[in-house]
>>> print(open('upload_12.tsv').read())   # TSV, C-alpha atoms and all ligand atoms
chain	number	residue	atom	x	y	z
A	1	MET	CA	100.53	-145.94	-8.12
A	2	THR	CA	97.32	-144.20	-7.29
A	3	VAL	CA	94.82	-145.47	-4.78
A	4	GLU	CA	91.21	-144.39	-4.83
A	5	MET	CA	89.88	-145.28	-1.42
A	6	ALA	CA	86.29	-146.35	-1.21
A	7	THR	CA	85.31	-144.89	2.11
A	8	GLY	CA	81.91	-145.78	3.41
A	9	GLY	CA	81.20	-143.53	6.34
A	10	GLN	CA	82.66	-143.77	9.78
A	11	GLY	CA	84.69	-146.65	11.03
A	12	GLY	CA	83.86	-149.25	8.41
A	13	ILE	CA	85.77	-151.40	6.03
A	14	THR	CA	87.58	-149.52	3.33
A	15	GLU	CA	88.13	-151.14	-0.02
A	16	PRO	CA	91.02	-149.65	-1.96
A	17	VAL	CA	90.56	-149.55	-5.70
A	18	MET	CA	94.12	-149.60	-6.99
A	19	GLU	CA	95.23	-147.87	-10.15
A	20	PRO	CA	97.86	-149.84	-12.09
A	21	ALA	CA	101.14	-148.13	-12.89
A	22	ALA	CA	100.25	-145.17	-15.06
A	23	PRO	CA	101.27	-141.56	-15.56
A	24	LEU	CA	100.17	-139.58	-12.55
A	25	ALA	CA	97.27	-137.25	-13.06
A	26	ALA	CA	97.71	-133.63	-12.11
A	27	SER	CA	94.84	-133.88	-9.67
A	28	SER	CA	94.38	-136.02	-6.60
A	29	PRO	CA	92.29	-139.18	-7.11
A	30	ASP	CA	89.85	-137.65	-4.68
A	31	ALA	CA	89.51	-134.47	-6.70
A	32	PRO	CA	86.12	-133.69	-8.26
A	33	PRO	CA	85.45	-135.52	-11.53
A	34	SER	CA	86.94	-133.90	-14.58
A	35	ARG	CA	86.13	-134.23	-18.27
A	36	ALA	CA	89.82	-134.06	-19.12
A	37	PRO	CA	90.84	-137.11	-21.15
A	38	GLY	CA	93.02	-139.86	-19.73
A	39	HIS	CA	93.70	-141.00	-16.21
A	40	ALA	CA	91.17	-138.71	-14.50
A	41	THR	CA	88.27	-140.27	-16.36
A	42	ARG	CA	88.94	-143.92	-15.64
A	43	LEU	CA	86.80	-146.21	-13.55
A	44	ARG	CA	87.32	-149.73	-12.31
A	45	ILE	CA	84.59	-151.71	-14.07
A	46	SER	CA	83.54	-155.22	-13.04
A	47	GLU	CA	81.24	-155.89	-16.00
A	48	ILE	CA	78.94	-154.33	-18.57
A	49	PHE	CA	76.02	-156.39	-19.83
A	50	HIS	CA	72.60	-156.14	-21.46
A	51	SER	CA	69.66	-157.72	-19.67
A	52	ILE	CA	66.17	-157.12	-18.33
A	53	GLN	CA	65.98	-154.83	-15.30
A	54	GLY	CA	64.85	-157.12	-12.49
A	55	GLU	CA	64.25	-154.60	-9.72
A	56	ALA	CA	62.92	-151.18	-8.74
A	57	ASP	CA	60.84	-148.77	-10.77
A	58	ALA	CA	62.35	-149.69	-14.14
A	59	VAL	CA	61.64	-153.40	-13.71
A	60	GLY	CA	61.10	-155.18	-17.01
A	61	TRP	CA	62.91	-152.67	-19.24
A	62	PRO	CA	65.79	-153.86	-21.42
A	63	THR	CA	68.73	-152.26	-19.64
A	64	VAL	CA	72.48	-152.00	-19.90
A	65	PHE	CA	74.12	-152.62	-16.53
A	66	VAL	CA	77.43	-150.99	-15.71
A	67	ARG	CA	78.82	-152.67	-12.62
A	68	LEU	CA	81.63	-150.85	-10.83
A	69	THR	CA	84.21	-152.71	-8.77
A	70	GLY	CA	84.51	-152.32	-5.01
A	71	CYS	CA	82.27	-151.93	-1.98
A	72	PRO	CA	83.03	-150.80	1.58
A	73	LEU	CA	80.14	-152.85	3.01
A	74	ARG	CA	79.74	-156.58	3.56
A	75	CYS	CA	76.01	-157.34	3.69
A	76	THR	CA	75.30	-160.85	4.93
A	77	TRP	CA	73.05	-161.60	1.95
A	78	CYS	CA	75.13	-159.89	-0.76
A	79	ASP	CA	74.74	-161.57	-4.15
A	80	THR	CA	77.48	-159.65	-5.99
A	81	GLU	CA	80.55	-160.46	-3.92
A	82	TYR	CA	82.46	-161.08	-7.14
A	83	ALA	CA	82.36	-157.29	-7.69
A	84	PHE	CA	84.34	-156.56	-4.51
A	85	HIS	CA	87.62	-157.08	-6.37
A	86	GLY	CA	88.98	-157.40	-9.87
A	87	GLY	CA	87.56	-155.72	-12.92
A	88	GLN	CA	89.38	-153.50	-15.38
A	89	TRP	CA	90.25	-149.82	-15.55
A	90	ARG	CA	88.26	-148.31	-18.41
A	91	ASP	CA	87.91	-144.78	-19.63
A	92	ILE	CA	84.45	-143.26	-19.42
A	93	ASP	CA	84.40	-142.65	-23.19
A	94	GLU	CA	85.03	-146.35	-23.71
A	95	VAL	CA	82.26	-147.26	-21.25
A	96	LEU	CA	79.83	-144.94	-23.04
A	97	ALA	CA	80.73	-146.47	-26.39
A	98	GLU	CA	80.09	-149.99	-25.11
A	99	VAL	CA	76.79	-148.94	-23.56
A	100	ALA	CA	75.74	-147.34	-26.86
A	101	ARG	CA	76.47	-150.55	-28.77
A	102	HIS	CA	73.66	-152.29	-26.87
A	103	ARG	CA	71.11	-149.73	-28.15
A	104	ALA	CA	69.09	-149.65	-24.90
A	105	ARG	CA	67.45	-146.53	-23.52
A	106	HIS	CA	67.79	-147.61	-19.89
A	107	VAL	CA	71.16	-147.82	-18.15
A	108	CYS	CA	71.70	-148.93	-14.55
A	109	VAL	CA	74.93	-148.07	-12.76
A	110	THR	CA	75.44	-150.56	-9.97
A	111	GLY	CA	78.08	-152.42	-7.98
A	112	GLY	CA	79.46	-153.17	-5.53
A	113	GLU	CA	78.93	-149.64	-4.34
A	114	PRO	CA	79.38	-147.45	-7.42
A	115	LEU	CA	79.74	-144.22	-5.44
A	116	ALA	CA	82.86	-145.63	-3.79
A	117	GLN	CA	84.59	-144.43	-6.97
A	118	LYS	CA	84.12	-140.68	-7.11
A	119	ARG	CA	84.35	-140.61	-10.91
A	120	CYS	CA	81.03	-142.44	-10.88
A	121	LEU	CA	79.44	-138.99	-10.62
A	122	LEU	CA	80.94	-138.05	-13.98
A	123	LEU	CA	79.85	-141.35	-15.54
A	124	LEU	CA	76.27	-140.74	-14.39
A	125	ALA	CA	76.19	-137.23	-15.84
A	126	ARG	CA	77.71	-138.37	-19.14
A	127	LEU	CA	75.14	-141.18	-19.47
A	128	CYS	CA	72.36	-138.64	-18.93
A	129	ASP	CA	73.94	-136.27	-21.45
A	130	ALA	CA	73.90	-139.15	-23.95
A	131	GLY	CA	70.13	-139.35	-23.61
A	132	HIS	CA	69.79	-142.46	-21.47
A	133	GLU	CA	67.30	-143.08	-18.69
A	134	VAL	CA	69.81	-143.63	-15.91
A	135	SER	CA	69.35	-145.32	-12.56
A	136	LEU	CA	71.86	-145.73	-9.76
A	137	GLU	CA	71.82	-148.56	-7.24
A	138	THR	CA	73.61	-147.47	-4.07
A	139	SER	CA	74.04	-148.90	-0.59
A	140	GLY	CA	72.83	-145.80	1.24
A	141	ALA	CA	76.13	-145.61	3.11
A	142	LEU	CA	77.72	-142.97	0.89
A	143	ASP	CA	76.61	-139.40	0.27
A	144	VAL	CA	74.27	-139.06	-2.73
A	145	ALA	CA	74.09	-135.24	-2.61
A	146	ALA	CA	76.23	-134.72	-5.73
A	147	VAL	CA	74.44	-137.27	-7.92
A	148	ASP	CA	73.02	-135.67	-11.08
A	149	PRO	CA	69.34	-134.95	-10.42
A	150	ARG	CA	68.40	-136.55	-13.75
A	151	VAL	CA	69.46	-139.91	-12.31
A	152	ARG	CA	66.87	-142.08	-10.60
A	153	LYS	CA	68.54	-143.10	-7.37
A	154	VAL	CA	67.68	-146.41	-5.74
A	155	VAL	CA	68.98	-145.90	-2.21
A	156	ASP	CA	69.16	-148.88	0.12
A	157	LEU	CA	68.33	-148.67	3.80
A	158	LYS	CA	70.35	-151.42	5.44
A	159	ALA	CA	68.18	-153.33	7.92
A	160	PRO	CA	69.72	-155.15	10.91
A	161	GLY	CA	69.71	-158.51	9.09
A	162	SER	CA	72.20	-157.11	6.59
A	163	GLY	CA	74.81	-156.77	9.34
A	164	GLU	CA	75.42	-153.21	8.13
A	165	VAL	CA	72.66	-151.22	9.84
A	166	SER	CA	75.21	-148.84	11.39
A	167	ARG	CA	76.30	-147.72	7.90
A	168	ASN	CA	73.05	-146.01	6.94
A	169	LEU	CA	73.77	-142.37	6.09
A	170	TRP	CA	70.51	-140.81	7.16
A	171	SER	CA	71.30	-137.41	5.65
A	172	ASN	CA	70.71	-139.12	2.28
A	173	MET	CA	66.98	-139.11	3.01
A	174	GLY	CA	67.03	-135.35	2.46
A	175	HIS	CA	68.35	-135.85	-1.09
A	176	LEU	CA	65.60	-138.20	-2.27
A	177	LEU	CA	63.63	-136.81	-5.21
A	178	PRO	CA	60.12	-137.93	-6.21
A	179	HIS	CA	61.53	-140.12	-9.00
A	180	ASP	CA	63.92	-141.86	-6.59
A	181	GLN	CA	63.32	-145.00	-4.59
A	182	ALA	CA	64.22	-146.02	-1.05
A	183	LYS	CA	64.68	-149.78	-0.86
A	184	VAL	CA	64.82	-152.09	2.15
A	185	VAL	CA	65.91	-155.69	1.71
A	186	ILE	CA	64.15	-157.67	4.43
A	187	ALA	CA	65.39	-160.96	5.88
A	188	ASP	CA	62.83	-161.57	8.64
A	189	ARG	CA	60.12	-160.03	10.82
A	190	ALA	CA	62.65	-158.02	12.84
A	191	ASP	CA	63.90	-156.38	9.64
A	192	TYR	CA	60.32	-155.69	8.59
A	193	ASP	CA	59.46	-154.00	11.89
A	194	TRP	CA	62.66	-151.94	11.65
A	195	ALA	CA	61.77	-150.90	8.09
A	196	VAL	CA	58.23	-149.88	9.01
A	197	ALA	CA	59.60	-147.70	11.82
A	198	ARG	CA	62.22	-146.03	9.59
A	199	VAL	CA	59.69	-145.32	6.82
A	200	ALA	CA	57.47	-143.56	9.33
A	201	GLU	CA	60.31	-141.76	11.10
A	202	HIS	CA	61.72	-140.30	7.87
A	203	ARG	CA	58.33	-139.90	6.15
A	204	LEU	CA	59.77	-141.79	3.24
A	205	ALA	CA	56.49	-142.57	1.52
A	206	GLU	CA	55.95	-138.81	1.13
A	207	ARG	CA	59.37	-138.29	-0.43
A	208	CYS	CA	59.57	-141.07	-3.00
A	209	GLN	CA	58.60	-144.65	-3.74
A	210	VAL	CA	59.44	-147.11	-0.98
A	211	LEU	CA	60.35	-150.65	-2.00
A	212	PHE	CA	60.35	-153.67	0.31
A	213	SER	CA	62.19	-156.67	-1.08
A	214	PRO	CA	62.56	-160.10	0.58
A	215	VAL	CA	66.00	-161.64	0.87
A	216	PHE	CA	66.13	-164.25	-1.88
A	217	GLY	CA	65.85	-167.72	-0.37
A	218	ARG	CA	65.39	-166.50	3.21
A	219	LEU	CA	61.99	-164.77	3.37
A	220	ALA	CA	59.05	-165.95	1.29
A	221	PRO	CA	57.67	-163.09	-0.86
A	222	GLY	CA	54.15	-164.18	0.10
A	223	GLN	CA	54.92	-163.69	3.79
A	224	LEU	CA	56.20	-160.18	3.18
A	225	ALA	CA	53.08	-159.45	1.10
A	226	GLU	CA	50.85	-160.54	3.99
A	227	TRP	CA	52.64	-158.23	6.42
A	228	ILE	CA	52.39	-155.25	4.03
A	229	LEU	CA	48.69	-155.82	3.44
A	230	ALA	CA	47.90	-156.36	7.12
A	231	ASP	CA	49.59	-153.07	8.03
A	232	ARG	CA	48.04	-151.17	5.08
A	233	LEU	CA	51.52	-149.95	4.18
A	234	GLN	CA	51.94	-147.66	1.17
A	235	VAL	CA	55.07	-149.43	-0.04
A	236	ARG	CA	55.79	-151.54	-3.12
A	237	LEU	CA	56.63	-155.19	-2.77
A	238	GLN	CA	59.32	-156.09	-5.23
A	239	GLY	CA	60.92	-159.32	-6.27
A	240	GLN	CA	63.90	-159.93	-8.48
A	241	LEU	CA	62.59	-160.61	-11.97
A	242	HIS	CA	66.03	-161.49	-13.32
A	243	LYS	CA	66.31	-164.36	-10.81
A	244	ALA	CA	62.89	-165.67	-11.83
A	245	LEU	CA	64.11	-165.60	-15.44
A	246	TRP	CA	67.68	-166.83	-15.07
A	247	GLY	CA	68.32	-167.85	-11.45
A	248	GLU	CA	71.58	-166.53	-10.06
A	249	GLU	CA	73.45	-166.67	-13.37
A	250	ARG	CA	76.09	-163.95	-13.47
A	251	GLY	CA	75.76	-161.22	-16.10
A	252	ARG	CA	71.97	-161.51	-16.19
A	301	LIG	S1	76.20	-152.76	-0.41
A	301	LIG	FE1	75.53	-154.06	-2.11
A	301	LIG	S2	77.43	-154.79	-3.07
A	301	LIG	FE2	77.98	-153.97	-1.06
A	301	LIG	S3	77.97	-155.75	0.30
A	301	LIG	FE3	75.93	-154.79	0.44
A	301	LIG	S4	74.68	-155.88	-1.10
A	301	LIG	FE4	76.85	-156.32	-1.57
>>> encode(input="upload_12.tsv", output="structure tokens", more="lines below")
Ligand code: SF4
Amino acid sequence: MTVEMATGGQGGITEPVMEPAAPLAASSPDAPPSRAPGHATRLRISEIFHSIQGEADAVGWPTVFVRLTGCPLRCTWCDTEYAFHGGQWRDIDEVLAEVARHRARHVCVTGGEPLAQKRCLLLLARLCDAGHEVSLETSGALDVAAVDPRVRKVVDLKAPGSGEVSRNLWSNMGHLLPHDQAKVVIADRADYDWAVARVAEHRLAERCQVLFSPVFGRLAPGQLAEWILADRLQVRLQGQLHKALWGEERGR
């Protein structure tokens, strides 16, 4: 049995993603992604579905979502806890074929924390090779340095209200490209003040788009808008269009 360990920085929870009994691959599960067929190209997938992108720069585009299983974090306001466990092992070729069947240009690789499975890097590159506009939603706790530069990264900064502020991997700020986005989910005024300070400290608005998003059901979007306007911040307020359309229905 092979275990791919989703490690999320120092001292945090680790979430093992267990391979079922299968022929052992020649390489370690932590080896760099390979294009060799079989075991080395499998990922634990929670779900694949076609919907409208509800967040970030690609909001509104019909998008295929590929949700990977597992996450080493436990944000207090997480809305995808069902992706912490379960799912199915699927070969990357099979994932690409299912994505193609939906005939959407945009593909979002999300989780959980998709980078907790190292083969996610190969999936991202293969999706780009297939001609898709690819985005990656990541917690900001794992290193994004090796992500294909064609991918639009949406990198979270975990504010104190998430309960995971210590997990921010600040070296990731150096890997943000102009088409990427740094996103802060904000639960209250303390989170907002923290976010404003981090944006200034890391000059994030000069690196990429900065997104401020209120925690659904905890901070009124209008309140966050007032704070942004009062401070003349050059950040984008974002909601969650999919929740306006379908509430918290899974697979939407
Ligand atoms: S990083 Fe994302 S998936 Fe993981 S606990 Fe936080 S919100 Fe949930």
>>> residues_near_point(input="upload_12.tsv", point="(76.6, -148.6, -10.0)", cutoff="12 Å", atoms="only C-alpha atoms", output="PyMOL selection string")
chain A and resi 43-48+64-71+80+83+107-121+123-124+134-139+147+151-155
>>> write_last_selection(input="upload_12.tsv", atoms="C-alpha atoms", output="mmCIF file, in the frame of the given file")
data_model
loop_
_atom_site.group_PDB
_atom_site.id
_atom_site.type_symbol
_atom_site.label_atom_id
_atom_site.label_comp_id
_atom_site.auth_asym_id
_atom_site.auth_seq_id
_atom_site.Cartn_x
_atom_site.Cartn_y
_atom_site.Cartn_z
ATOM 1 C CA LEU A 43 86.800 -146.210 -13.550
ATOM 2 C CA ARG A 44 87.320 -149.730 -12.310
ATOM 3 C CA ILE A 45 84.590 -151.710 -14.070
ATOM 4 C CA SER A 46 83.540 -155.220 -13.040
ATOM 5 C CA GLU A 47 81.240 -155.890 -16.000
ATOM 6 C CA ILE A 48 78.940 -154.330 -18.570
ATOM 7 C CA VAL A 64 72.480 -152.000 -19.900
ATOM 8 C CA PHE A 65 74.120 -152.620 -16.530
ATOM 9 C CA VAL A 66 77.430 -150.990 -15.710
ATOM 10 C CA ARG A 67 78.820 -152.670 -12.620
ATOM 11 C CA LEU A 68 81.630 -150.850 -10.830
ATOM 12 C CA THR A 69 84.210 -152.710 -8.770
ATOM 13 C CA GLY A 70 84.510 -152.320 -5.010
ATOM 14 C CA CYS A 71 82.270 -151.930 -1.980
ATOM 15 C CA THR A 80 77.480 -159.650 -5.990
ATOM 16 C CA ALA A 83 82.360 -157.290 -7.690
ATOM 17 C CA VAL A 107 71.160 -147.820 -18.150
ATOM 18 C CA CYS A 108 71.700 -148.930 -14.550
ATOM 19 C CA VAL A 109 74.930 -148.070 -12.760
ATOM 20 C CA THR A 110 75.440 -150.560 -9.970
ATOM 21 C CA GLY A 111 78.080 -152.420 -7.980
ATOM 22 C CA GLY A 112 79.460 -153.170 -5.530
ATOM 23 C CA GLU A 113 78.930 -149.640 -4.340
ATOM 24 C CA PRO A 114 79.380 -147.450 -7.420
ATOM 25 C CA LEU A 115 79.740 -144.220 -5.440
ATOM 26 C CA ALA A 116 82.860 -145.630 -3.790
ATOM 27 C CA GLN A 117 84.590 -144.430 -6.970
ATOM 28 C CA LYS A 118 84.120 -140.680 -7.110
ATOM 29 C CA ARG A 119 84.350 -140.610 -10.910
ATOM 30 C CA CYS A 120 81.030 -142.440 -10.880
ATOM 31 C CA LEU A 121 79.440 -138.990 -10.620
ATOM 32 C CA LEU A 123 79.850 -141.350 -15.540
ATOM 33 C CA LEU A 124 76.270 -140.740 -14.390
ATOM 34 C CA VAL A 134 69.810 -143.630 -15.910
ATOM 35 C CA SER A 135 69.350 -145.320 -12.560
ATOM 36 C CA LEU A 136 71.860 -145.730 -9.760
ATOM 37 C CA GLU A 137 71.820 -148.560 -7.240
ATOM 38 C CA THR A 138 73.610 -147.470 -4.070
ATOM 39 C CA SER A 139 74.040 -148.900 -0.590
ATOM 40 C CA VAL A 147 74.440 -137.270 -7.920
ATOM 41 C CA VAL A 151 69.460 -139.910 -12.310
ATOM 42 C CA ARG A 152 66.870 -142.080 -10.600
ATOM 43 C CA LYS A 153 68.540 -143.100 -7.370
ATOM 44 C CA VAL A 154 67.680 -146.410 -5.740
ATOM 45 C CA VAL A 155 68.980 -145.900 -2.210
#
>>> residues_around(input="upload_12.tsv", residues="A:Val99", least_positions_apart="3", cutoff="10 Å", atoms="only C-alpha atoms", output="list in words")
Ile48, Phe49, His50, Thr63, Val64, Phe65, Val66, Asp93, Glu94, Val95, Leu96, His102, Arg103, Ala104, Arg105, His106, Val107, Leu127 and His132 of chain A
>>> closest_residue(input="upload_12.tsv", among="A:Leu157, A:Ala58, A:Ala197, A:Val210", to="ligand LIG 301 (chain A)", atoms="all atoms listed in the file")
A:Leu157
>>> closest_residue(input="upload_12.tsv", among="A:Cys78, A:Arg126, A:Glu164, A:Phe212", to="A:Val199", atoms="only C-alpha atoms")
A:Phe212
>>> closest_residue(input="upload_12.tsv", among="A:Gly131, A:Pro178, A:Gly239, A:Gly222", to="A:Gln209", atoms="all atoms listed in the file")
A:Pro178
>>> closest_residue(input="upload_12.tsv", among="A:Phe216, A:Leu224, A:Thr76, A:Asp129", to="A:Leu241", atoms="only C-alpha atoms")
A:Phe216
>>> atom_distance(input="upload_12.tsv", atom1="atom CA of A:Val235", atom2="atom CA of A:Lys158")
16.4 Å
>>> axis_aligned_box(input="upload_12.tsv", around="ligand LIG 301 (chain A)", padding_each_side="5 Å", output="lines of an AutoDock Vina configuration file")
center_x = 76.3
center_y = -154.5
center_z = -1.3
size_x = 13.3
size_y = 13.6
size_z = 13.5
>>> atom_distance(input="upload_12.tsv", atom1="atom CA of A:Leu176", atom2="atom CA of A:Leu204")
8.8 Å
>>> closest_residue(input="upload_12.tsv", among="A:Asp193, A:Glu248, A:Asp91, A:Glu98", to="A:Ile228", atoms="all atoms listed in the file")
A:Asp193
>>> atom_distance(input="upload_12.tsv", atom1="atom CA of A:Leu245", atom2="atom CA of A:His85")
26.6 Å
>>> closest_residue(input="upload_12.tsv", among="A:Val215, A:Ala190, A:Cys128, A:Ser51", to="ligand LIG 301 (chain A)", atoms="all atoms listed in the file")
A:Val215
>>> residues_around(input="upload_12.tsv", residues="A:Gly217", least_positions_apart="3", cutoff="10 Å", atoms="only C-alpha atoms", output="mmCIF file with C-alpha atoms, in the coordinates of the input")
data_model
loop_
_atom_site.group_PDB
_atom_site.id
_atom_site.type_symbol
_atom_site.label_atom_id
_atom_site.label_comp_id
_atom_site.auth_asym_id
_atom_site.auth_seq_id
_atom_site.Cartn_x
_atom_site.Cartn_y
_atom_site.Cartn_z
ATOM 1 C CA TRP A 77 73.050 -161.600 1.950
ATOM 2 C CA ALA A 187 65.390 -160.960 5.880
ATOM 3 C CA PRO A 214 62.560 -160.100 0.580
ATOM 4 C CA ALA A 220 59.050 -165.950 1.290
ATOM 5 C CA PRO A 221 57.670 -163.090 -0.860
#
>>> build_atoms(input="upload_12.tsv", residues="stretch 209-232 of chain A", atoms="N, CA and C atoms", output="PDB file, keeping the file's coordinate frame")
ATOM      1  N   GLN A 209      59.111-143.283  -3.864  1.00  0.00           N
ATOM      2  CA  GLN A 209      58.600-144.650  -3.740  1.00  0.00           C
ATOM      3  C   GLN A 209      59.430-145.415  -2.709  1.00  0.00           C
ATOM      4  N   VAL A 210      58.750-146.258  -1.946  1.00  0.00           N
ATOM      5  CA  VAL A 210      59.440-147.110  -0.980  1.00  0.00           C
ATOM      6  C   VAL A 210      59.257-148.563  -1.425  1.00  0.00           C
ATOM      7  N   LEU A 211      60.359-149.269  -1.529  1.00  0.00           N
ATOM      8  CA  LEU A 211      60.350-150.650  -2.000  1.00  0.00           C
ATOM      9  C   LEU A 211      60.765-151.576  -0.863  1.00  0.00           C
ATOM     10  N   PHE A 212      59.983-152.615  -0.632  1.00  0.00           N
ATOM     11  CA  PHE A 212      60.350-153.670   0.310  1.00  0.00           C
ATOM     12  C   PHE A 212      60.622-154.934  -0.500  1.00  0.00           C
ATOM     13  N   SER A 213      61.775-155.503  -0.294  1.00  0.00           N
ATOM     14  CA  SER A 213      62.190-156.670  -1.080  1.00  0.00           C
ATOM     15  C   SER A 213      62.627-157.786  -0.145  1.00  0.00           C
ATOM     16  N   PRO A 214      62.116-159.011  -0.300  1.00  0.00           N
ATOM     17  CA  PRO A 214      62.560-160.100   0.580  1.00  0.00           C
ATOM     18  C   PRO A 214      63.935-160.612   0.181  1.00  0.00           C
ATOM     19  N   VAL A 215      64.715-161.027   1.180  1.00  0.00           N
ATOM     20  CA  VAL A 215      66.000-161.640   0.870  1.00  0.00           C
ATOM     21  C   VAL A 215      65.740-162.950   0.137  1.00  0.00           C
ATOM     22  N   PHE A 216      66.340-163.081  -1.039  1.00  0.00           N
ATOM     23  CA  PHE A 216      66.130-164.250  -1.880  1.00  0.00           C
ATOM     24  C   PHE A 216      66.522-165.519  -1.120  1.00  0.00           C
ATOM     25  N   GLY A 217      65.566-166.442  -1.015  1.00  0.00           N
ATOM     26  CA  GLY A 217      65.850-167.720  -0.370  1.00  0.00           C
ATOM     27  C   GLY A 217      65.738-167.711   1.148  1.00  0.00           C
ATOM     28  N   ARG A 218      65.478-166.553   1.735  1.00  0.00           N
ATOM     29  CA  ARG A 218      65.390-166.500   3.210  1.00  0.00           C
ATOM     30  C   ARG A 218      64.018-166.088   3.701  1.00  0.00           C
ATOM     31  N   LEU A 219      63.329-165.210   2.971  1.00  0.00           N
ATOM     32  CA  LEU A 219      61.990-164.770   3.370  1.00  0.00           C
ATOM     33  C   LEU A 219      61.059-164.963   2.179  1.00  0.00           C
ATOM     34  N   ALA A 220      59.985-165.690   2.379  1.00  0.00           N
ATOM     35  CA  ALA A 220      59.050-165.950   1.290  1.00  0.00           C
ATOM     36  C   ALA A 220      58.366-164.649   0.876  1.00  0.00           C
ATOM     37  N   PRO A 221      58.338-164.318  -0.413  1.00  0.00           N
ATOM     38  CA  PRO A 221      57.670-163.090  -0.860  1.00  0.00           C
ATOM     39  C   PRO A 221      56.223-163.024  -0.383  1.00  0.00           C
ATOM     40  N   GLY A 222      55.539-164.169  -0.338  1.00  0.00           N
ATOM     41  CA  GLY A 222      54.150-164.180   0.100  1.00  0.00           C
ATOM     42  C   GLY A 222      53.995-163.752   1.550  1.00  0.00           C
ATOM     43  N   GLN A 223      54.962-164.118   2.378  1.00  0.00           N
ATOM     44  CA  GLN A 223      54.920-163.690   3.790  1.00  0.00           C
ATOM     45  C   GLN A 223      55.065-162.177   3.900  1.00  0.00           C
ATOM     46  N   LEU A 224      56.004-161.631   3.147  1.00  0.00           N
ATOM     47  CA  LEU A 224      56.200-160.180   3.180  1.00  0.00           C
ATOM     48  C   LEU A 224      54.941-159.469   2.658  1.00  0.00           C
ATOM     49  N   ALA A 225      54.324-160.030   1.630  1.00  0.00           N
ATOM     50  CA  ALA A 225      53.080-159.450   1.100  1.00  0.00           C
ATOM     51  C   ALA A 225      51.998-159.406   2.162  1.00  0.00           C
ATOM     52  N   GLU A 226      51.869-160.489   2.932  1.00  0.00           N
ATOM     53  CA  GLU A 226      50.850-160.540   3.990  1.00  0.00           C
ATOM     54  C   GLU A 226      51.091-159.457   5.034  1.00  0.00           C
ATOM     55  N   TRP A 227      52.327-159.264   5.417  1.00  0.00           N
ATOM     56  CA  TRP A 227      52.640-158.230   6.420  1.00  0.00           C
ATOM     57  C   TRP A 227      52.292-156.847   5.886  1.00  0.00           C
ATOM     58  N   ILE A 228      52.653-156.579   4.630  1.00  0.00           N
ATOM     59  CA  ILE A 228      52.390-155.250   4.030  1.00  0.00           C
ATOM     60  C   ILE A 228      50.882-154.994   3.973  1.00  0.00           C
ATOM     61  N   LEU A 229      50.137-155.996   3.553  1.00  0.00           N
ATOM     62  CA  LEU A 229      48.690-155.820   3.440  1.00  0.00           C
ATOM     63  C   LEU A 229      48.049-155.643   4.815  1.00  0.00           C
ATOM     64  N   ALA A 230      48.489-156.438   5.785  1.00  0.00           N
ATOM     65  CA  ALA A 230      47.900-156.360   7.120  1.00  0.00           C
ATOM     66  C   ALA A 230      48.117-154.976   7.735  1.00  0.00           C
ATOM     67  N   ASP A 231      49.263-154.378   7.446  1.00  0.00           N
ATOM     68  CA  ASP A 231      49.590-153.070   8.030  1.00  0.00           C
ATOM     69  C   ASP A 231      49.140-151.909   7.148  1.00  0.00           C
ATOM     70  N   ARG A 232      48.508-152.229   6.001  1.00  0.00           N
ATOM     71  CA  ARG A 232      48.040-151.170   5.080  1.00  0.00           C
ATOM     72  C   ARG A 232      49.182-150.211   4.710  1.00  0.00           C
TER      73      ARG A 232
END
